[in-house]
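Engineer: For reference, the file model-v6.txt (compact mmCIF, C-alpha atoms and all ligand atoms) is included below:
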# COMPACT_ATOMS: atom_id res chain seq x y z
CA MET A 1 41.59 28.61 -23.12
CA ILE A 2 40.81 24.99 -23.96
CA GLU A 3 39.46 26.08 -27.36
CA GLU A 4 42.58 28.14 -27.96
CA ASN A 5 44.87 25.22 -27.18
CA ALA A 6 42.79 22.91 -29.36
CA CYS A 7 43.13 25.39 -32.19
CA LEU A 8 46.91 25.54 -31.75
CA LEU A 9 47.11 21.75 -31.71
CA GLU A 10 45.04 21.60 -34.89
CA GLN A 11 47.40 24.06 -36.59
CA GLU A 12 50.37 21.97 -35.47
CA ILE A 13 48.86 18.81 -36.96
CA LEU A 14 48.01 20.56 -40.22
CA ALA A 15 51.65 21.63 -40.60
CA CYS A 16 53.18 18.36 -39.31
CA THR A 17 56.21 16.85 -41.07
CA ARG A 18 57.12 14.26 -38.43
CA CYS A 19 56.86 11.26 -40.76
CA ARG A 20 56.94 10.24 -44.43
CA LEU A 21 53.14 10.52 -44.76
CA ALA A 22 53.42 14.31 -44.81
CA SER A 23 54.97 14.29 -48.28
CA GLY A 24 52.10 12.39 -49.91
CA ARG A 25 49.09 14.04 -48.33
CA LEU A 26 46.67 16.58 -49.71
CA HIS A 27 45.38 17.38 -46.21
CA ALA A 28 46.23 16.29 -42.71
CA VAL A 29 43.04 15.38 -40.85
CA PRO A 30 43.21 16.48 -37.18
CA GLY A 31 39.59 15.57 -36.44
CA GLU A 32 36.49 17.58 -35.67
CA GLY A 33 33.85 17.99 -33.01
CA PRO A 34 33.06 19.88 -29.82
CA VAL A 35 35.82 21.14 -27.50
CA PRO A 36 35.78 19.82 -24.82
CA SER A 37 33.97 16.65 -25.81
CA ARG A 38 32.28 14.00 -23.72
CA ILE A 39 32.97 11.35 -26.35
CA ILE A 40 35.95 10.77 -28.66
CA MET A 41 35.58 8.35 -31.57
CA VAL A 42 38.98 7.11 -32.82
CA GLY A 43 39.45 5.53 -36.24
CA GLU A 44 42.59 4.18 -37.87
CA ALA A 45 43.76 6.69 -40.48
CA PRO A 46 42.32 8.99 -43.13
CA GLY A 47 41.35 7.42 -46.46
CA GLU A 48 41.03 8.98 -49.87
CA GLN A 49 37.98 11.16 -49.15
CA GLU A 50 39.39 12.33 -45.84
CA ASP A 51 42.72 13.22 -47.47
CA ARG A 52 40.86 15.13 -50.16
CA THR A 53 38.53 17.04 -47.82
CA GLY A 54 40.55 17.31 -44.61
CA ARG A 55 37.54 15.95 -42.68
CA PRO A 56 37.41 12.69 -40.69
CA PHE A 57 35.11 9.90 -41.87
CA ALA A 58 34.04 11.83 -44.97
CA GLY A 59 33.59 8.78 -47.22
CA ARG A 60 31.57 5.58 -47.15
CA ALA A 61 32.68 4.56 -43.66
CA GLY A 62 31.54 8.02 -42.55
CA THR A 63 28.01 7.44 -43.81
CA ILE A 64 27.91 4.19 -41.86
CA LEU A 65 29.29 5.95 -38.78
CA ASN A 66 26.66 8.72 -39.05
CA ASN A 67 23.89 6.10 -39.08
CA LEU A 68 25.39 4.26 -36.13
CA LEU A 69 25.69 7.49 -34.16
CA ALA A 70 22.05 8.29 -34.94
CA SER A 71 21.06 4.86 -33.62
CA ALA A 72 22.74 5.83 -30.33
CA GLY A 73 20.85 9.13 -30.24
CA LEU A 74 23.96 11.06 -31.30
CA SER A 75 24.95 13.21 -34.23
CA ARG A 76 28.42 14.13 -35.46
CA ASN A 77 28.07 17.41 -33.58
CA ASP A 78 27.92 15.53 -30.27
CA VAL A 79 31.22 13.67 -30.62
CA PHE A 80 34.82 14.44 -31.49
CA ILE A 81 35.89 12.22 -34.40
CA THR A 82 39.55 11.59 -35.11
CA SER A 83 41.96 8.77 -36.00
CA VAL A 84 45.23 7.42 -34.65
CA LEU A 85 47.06 8.63 -37.76
CA LYS A 86 46.27 12.10 -39.03
CA CYS A 87 47.59 11.55 -42.58
CA ARG A 88 46.59 8.99 -45.19
CA PRO A 89 48.93 6.03 -45.69
CA PRO A 90 49.44 5.48 -49.44
CA GLY A 91 46.83 3.15 -50.90
CA ASN A 92 45.27 2.89 -47.42
CA ARG A 93 47.96 0.44 -46.34
CA ASP A 94 48.33 -0.41 -42.65
CA PRO A 95 50.11 2.23 -40.56
CA LYS A 96 53.78 1.52 -39.84
CA ALA A 97 55.18 1.44 -36.32
CA ASP A 98 57.29 4.58 -36.76
CA GLU A 99 54.28 6.48 -38.16
CA ILE A 100 52.28 5.55 -35.07
CA THR A 101 55.15 6.60 -32.81
CA ALA A 102 55.34 9.95 -34.60
CA CYS A 103 51.59 10.62 -34.64
CA LYS A 104 50.23 9.15 -31.41
CA PRO A 105 51.31 12.08 -29.22
CA TYR A 106 48.71 14.16 -31.08
CA LEU A 107 45.95 11.77 -30.01
CA ASP A 108 47.29 11.79 -26.45
CA ARG A 109 47.17 15.59 -26.42
CA GLN A 110 43.68 15.61 -27.89
CA ILE A 111 42.51 13.36 -25.06
CA VAL A 112 44.06 15.68 -22.46
CA LEU A 113 42.47 18.76 -24.08
CA LEU A 114 39.05 17.31 -24.80
CA ARG A 115 38.61 15.63 -21.40
CA PRO A 116 36.26 12.88 -22.62
CA SER A 117 34.36 10.52 -20.32
CA VAL A 118 34.07 7.89 -23.06
CA ILE A 119 36.65 6.97 -25.74
CA VAL A 120 35.48 4.71 -28.56
CA PRO A 121 38.33 3.11 -30.52
CA MET A 122 36.92 1.84 -33.81
CA GLY A 123 38.61 -1.26 -35.21
CA ARG A 124 41.38 -3.58 -34.03
CA PHE A 125 44.16 -1.19 -34.85
CA SER A 126 42.77 1.77 -32.94
CA ALA A 127 41.68 -0.49 -30.06
CA SER A 128 45.19 -1.81 -29.64
CA VAL A 129 46.74 1.69 -29.65
CA VAL A 130 44.19 3.26 -27.29
CA MET A 131 43.96 0.33 -24.89
CA GLY A 132 47.73 -0.05 -24.88
CA GLN A 133 47.98 3.61 -23.91
CA PHE A 134 45.84 2.99 -20.82
CA GLY A 135 47.60 -0.25 -19.87
CA ILE A 136 44.57 -2.40 -20.68
CA PRO A 137 45.43 -5.86 -22.05
CA VAL A 138 44.51 -5.90 -25.74
CA GLY A 139 42.72 -8.94 -27.11
CA LYS A 140 41.29 -9.61 -30.54
CA ILE A 141 38.65 -7.08 -31.53
CA SER A 142 36.13 -9.94 -31.81
CA GLY A 143 36.62 -10.60 -28.09
CA ILE A 144 36.71 -7.04 -26.74
CA HIS A 145 34.21 -5.09 -28.85
CA GLY A 146 31.11 -3.84 -27.09
CA ARG A 147 32.70 -4.09 -23.62
CA ALA A 148 33.35 -1.15 -21.32
CA PHE A 149 36.89 -0.91 -19.90
CA PRO A 150 37.34 1.64 -17.09
CA ALA A 151 40.64 3.52 -17.19
CA ASP A 152 42.37 6.50 -15.63
CA ALA A 153 43.12 9.37 -18.00
CA PRO A 154 45.18 12.42 -16.96
CA HIS A 155 41.94 14.39 -16.43
CA GLY A 156 40.09 11.62 -14.55
CA PRO A 157 38.22 8.35 -15.10
CA VAL A 158 37.24 7.34 -18.63
CA ILE A 159 35.47 4.39 -20.17
CA ILE A 160 37.17 2.80 -23.16
CA PHE A 161 34.52 1.20 -25.33
CA PRO A 162 36.02 -0.55 -28.40
CA VAL A 163 33.79 -1.32 -31.39
CA TYR A 164 34.39 -2.75 -34.84
CA HIS A 165 35.47 -0.25 -37.48
CA PRO A 166 32.38 1.02 -39.39
CA ALA A 167 34.02 0.00 -42.70
CA VAL A 168 33.80 -3.65 -41.59
CA VAL A 169 30.21 -3.88 -42.79
CA THR A 170 31.29 -3.22 -46.38
CA HIS A 171 33.51 -6.32 -46.48
CA ASN A 172 31.86 -8.41 -43.75
CA PRO A 173 28.10 -7.64 -43.81
CA PRO A 174 27.19 -10.17 -41.05
CA LEU A 175 29.04 -7.94 -38.56
CA ARG A 176 26.55 -5.12 -39.20
CA GLU A 177 24.24 -6.34 -36.42
CA GLU A 178 27.12 -6.71 -33.93
CA LEU A 179 28.22 -3.16 -34.69
CA ALA A 180 24.65 -1.90 -34.30
CA ALA A 181 24.36 -3.75 -30.97
CA ASP A 182 27.59 -2.12 -29.77
CA PHE A 183 26.17 1.32 -30.50
CA ARG A 184 22.95 0.44 -28.65
CA CYS A 185 25.15 -0.48 -25.72
CA LEU A 186 27.06 2.80 -26.09
CA LYS A 187 23.73 4.61 -25.81
CA GLU A 188 23.05 2.84 -22.50
CA ILE A 189 26.51 3.69 -21.19
CA LEU A 190 25.95 7.35 -22.02
CA ALA A 191 22.54 7.33 -20.39
CA GLY A 192 24.01 5.76 -17.26
CA SER A 193 27.17 7.85 -16.92
CA SER A 194 27.31 11.18 -15.15
CA GLY A 195 28.09 14.51 -16.79
CA ALA A 196 25.56 14.00 -19.62
N1 LIG B 201 38.64 5.45 -41.55
C1 LIG B 201 39.31 5.87 -40.47
O1 LIG B 201 39.74 5.06 -39.67
N2 LIG B 201 39.47 7.19 -40.28
C2 LIG B 201 38.96 8.10 -41.11
O2 LIG B 201 39.10 9.31 -40.87
C3 LIG B 201 38.26 7.62 -42.23
C4 LIG B 201 38.11 6.30 -42.44
Please rewrite the model in this file as C-alpha cells.
Structural biologist:
Amino acid sequence: MIEENACLLEQEILACTRCRLASGRLHAVPGEGPVPSRIIMVGEAPGEQEDRTGRPFAGRAGTILNNLLASAGLSRNDVFITSVLKCRPPGNRDPKADEITACKPYLDRQIVLLRPSVIVPMGRFSASVVMGQFGIPVGKISGIHGRAFPADAPHGPVIIFPVYHPAVVTHNPPLREELAADFRCLKEILAGSSGA
C-alpha cells in the first residue's frame, strides 16, 4: 500500500505542471530510495545532470554525497534522496518563493509516506524549508549544521539533522572536514536511535 502510494506520488511529480520550471525541464526528479525509509536526505533542487538523468544527486555533488554516506556506514540504497524542488531552475539559479510554494507539498507528502526517523536537510536553503515546516527556528547553516533537532512529524517523532550541502566542498574546500564530521555524528545518531 505504501509502495503503491509512493509510486502514484512519483507519477504525479513526473507529470507536474504546477510552476514555470515544468516547461524547461528534461526530467522532473522525484527522488529515489527505499519505501518506507528510515532516513531522508533533502537537497535544494536538481542540477544539470539530475535534469538529464531524472536521478537525484547524479553529478559531482552526488559523488561527494556517496562518499559521505559511506563514511557514515550507509549507501544510497539505505536512504531516500530527494530535493525541495523537483525540477531544475534555469542555470541553477536560486529557487523562487512561488516555486517552493508549488513544490513543497510533494516533499511533505514524501515525508508522510516514507515515515523517516531522521531527516537530513542539506544546505541552508533546504534547512530553512524543512526546519520551517516543523516550526524549528532557522539560524544560519554555519550555526545549526551537525545538530540534532527533535520534531513531531505526522507519523511520529523525527530528528532533523541539518548539514552543509555536499557541493560546498567544491567552492569552499575548508568545509570538507566539517561536513565529514557531521556525517560521523549522523552515524552516531543512527546507532543510538531505535528502529535501526
Ligand atoms: N543538488 C541538489 O540539491 N539536489 C540534487 O538533486 C542535485 C544537486
Engineer: From the list A:Leu113, A:Cys185, A:Ala148, A:Ile136, which residue is nearest A:Asn5 when using only C-alpha atoms?
Structural biologist: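 Of A:Leu113, A:Cys185, A:Ala148, A:Ile136, the one nearest A:Asn5 is A:Leu113, counting only C-alpha atoms.
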Engineer: Draw an axis-aligned box over all listed atoms of stretch 143-146 of chain A, pad each side with 3 Å, and write its centre and edge lengths in Å, one decimal, as JSON.
Structural biologist:
{"center_x": 33.9, "center_y": -7.2, "center_z": -27.8, "size_x": 11.6, "size_y": 12.8, "size_z": 8.1}
Engineer: Sorted by chain and rising residue number, list the residues of chain A at most 12 Å from ligand LIG 201 (chain B) (counting only C-alpha atoms and all ligand atoms), each with its closest atom pair and distance in Å to one decimal, as a tab-separated table.
Structural biologist:
residue	atom	partner	partner_atom	distance
A:His27	CA	B:LIG201	O2	11.5
A:Ala28	CA	B:LIG201	O2	10.1
A:Val29	CA	B:LIG201	O2	7.2
A:Pro30	CA	B:LIG201	O2	9.1
A:Gly31	CA	B:LIG201	O2	7.7
A:Glu32	CA	B:LIG201	O2	10.1
A:Met41	CA	B:LIG201	N2	9.6
A:Val42	CA	B:LIG201	O1	7.2
A:Gly43	CA	B:LIG201	O1	3.5
A:Glu44	CA	B:LIG201	O1	3.5
A:Ala45	CA	B:LIG201	N2	4.3
A:Pro46	CA	B:LIG201	O2	3.9
A:Gly47	CA	B:LIG201	C3	5.2
A:Glu48	CA	B:LIG201	C3	8.2
A:Gln49	CA	B:LIG201	C3	7.8
A:Glu50	CA	B:LIG201	O2	5.8
A:Asp51	CA	B:LIG201	O2	8.5
A:Arg52	CA	B:LIG201	O2	11.1
A:Thr53	CA	B:LIG201	O2	10.4
A:Gly54	CA	B:LIG201	O2	8.9
A:Arg55	CA	B:LIG201	O2	7.1
A:Pro56	CA	B:LIG201	O2	3.8
A:Phe57	CA	B:LIG201	C3	3.9
A:Ala58	CA	B:LIG201	C3	6.6
A:Gly59	CA	B:LIG201	C3	6.9
A:Arg60	CA	B:LIG201	C4	8.1
A:Ala61	CA	B:LIG201	C4	5.8
A:Gly62	CA	B:LIG201	C3	6.7
A:Thr63	CA	B:LIG201	C4	10.3
A:Ile64	CA	B:LIG201	C4	10.4
A:Leu65	CA	B:LIG201	C4	9.6
A:Phe80	CA	B:LIG201	O2	11.5
A:Ile81	CA	B:LIG201	O2	7.8
A:Thr82	CA	B:LIG201	O2	6.2
A:Ser83	CA	B:LIG201	N2	5.2
A:Val84	CA	B:LIG201	O1	7.8
A:Leu85	CA	B:LIG201	N2	8.1
A:Lys86	CA	B:LIG201	O2	7.9
A:Cys87	CA	B:LIG201	O2	8.9
A:Arg88	CA	B:LIG201	O2	8.7
A:Pro89	CA	B:LIG201	C1	10.9
A:Asn92	CA	B:LIG201	N1	9.2
A:Arg93	CA	B:LIG201	O1	11.5
A:Asp94	CA	B:LIG201	O1	10.6
A:Pro95	CA	B:LIG201	O1	10.8
A:Val120	CA	B:LIG201	O1	11.9
A:Pro121	CA	B:LIG201	O1	9.5
A:Met122	CA	B:LIG201	O1	7.3
A:Gly123	CA	B:LIG201	O1	7.8
A:Arg124	CA	B:LIG201	O1	10.4
A:Phe125	CA	B:LIG201	O1	9.0
A:Ser126	CA	B:LIG201	O1	8.1
A:Ala127	CA	B:LIG201	O1	11.3
A:Tyr164	CA	B:LIG201	O1	10.6
A:His165	CA	B:LIG201	O1	7.2
A:Pro166	CA	B:LIG201	N1	8.0
A:Ala167	CA	B:LIG201	N1	7.2
A:Val168	CA	B:LIG201	N1	10.3
Engineer: Rounded to one decimal in Å, what is the spacing between atom CA of A:Glu99 and atom CA of A:Val163?
Structural biologist: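 One can read the atom CA of A:Glu99 to atom CA of A:Val163 distance as 22.9 Å.
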Engineer: Using only C-alpha atoms and a cutoff of 12 Å, can you tell me which residues are near (52.8, 12.3, -32.4) in the file's coordinates, and write them out as a list in words?
Structural biologist: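 So the residues meeting the distance criterion are Leu9, Glu12, Ile13, Cys16, Thr17, Arg18, Cys19, Pro30, Ser83, Val84, Leu85, Lys86, Cys87, Ala97, Asp98, Glu99, Ile100, Thr101, Ala102, Cys103, Lys104, Pro105, Tyr106, Leu107, Asp108, Arg109 and Gln110 of chain A.
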Engineer: Find the residue from A:Leu26, A:Ala70, A:Leu21, A:Leu114 that sits nearest to A:Lys96; use only C-alpha atoms when measuring.
Structural biologist: A:Leu21
Engineer: Using all atoms listed in the file, can you tell me which of A:Met131, A:Ala151, A:Ile141, A:Leu69 comes closest to A:Leu175?
Structural biologist: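 Ranking A:Met131, A:Ala151, A:Ile141, A:Leu69 by distance to A:Leu175, first place goes to A:Ile141.
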Engineer: Please provide as a ChimeraX atom specification all residues within 6 Å of A:Ile159, with the sequence filter that same-chain residues fewer than 4 positions apart are discarded (counting all atoms listed in the file).
Structural biologist: /A:118,149-150
Engineer: Next, the residues of the selection above should be written as a compact mmCIF listing (two decimals), in the frame of the given file with C-alpha atoms.
Structural biologist:
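And here's selection-v9.txt as it stands now:
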# COMPACT_ATOMS: atom_id res chain seq x y z
CA VAL A 118 34.07 7.89 -23.06
CA PHE A 149 36.89 -0.91 -19.90
CA PRO A 150 37.34 1.64 -17.09
Engineer: Which residue, A:Ala153, A:Ile39, A:Leu179, A:Val112, has the smallest gap to A:Ser193 when you use all atoms listed in the file?
Structural biologist: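 Under the stated criterion, the closest residue is A:Ile39.
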Engineer: Provide the atom CA of A:Glu188 to atom CA of A:Gly73 distance in Å, to one decimal place.
Structural biologist: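 Atom CA of A:Glu188 sits 10.2 Å away from atom CA of A:Gly73.
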Engineer: One number please: atom CA of A:Arg38 to atom CA of A:Gly135, in Å, one decimal.
Structural biologist: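 Separating atom CA of A:Arg38 from atom CA of A:Gly135 is a distance of 21.3 Å.
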Engineer: Between A:Pro173, A:Gly24, A:Pro116, A:Gly143, which one has atoms that come closest to A:Gly156, using only C-alpha atoms?
Structural biologist: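 Checking each of A:Pro173, A:Gly24, A:Pro116, A:Gly143 against A:Gly156, counting only C-alpha atoms, the winner is A:Pro116.
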Engineer: Restricting the calculation to all atoms listed in the file: of A:Val79, A:Val169, A:Cys7, A:Ala180, which residue gets closest to A:His145?
Structural biologist: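 That would be A:Ala180, the residue with the smallest distance to A:His145.
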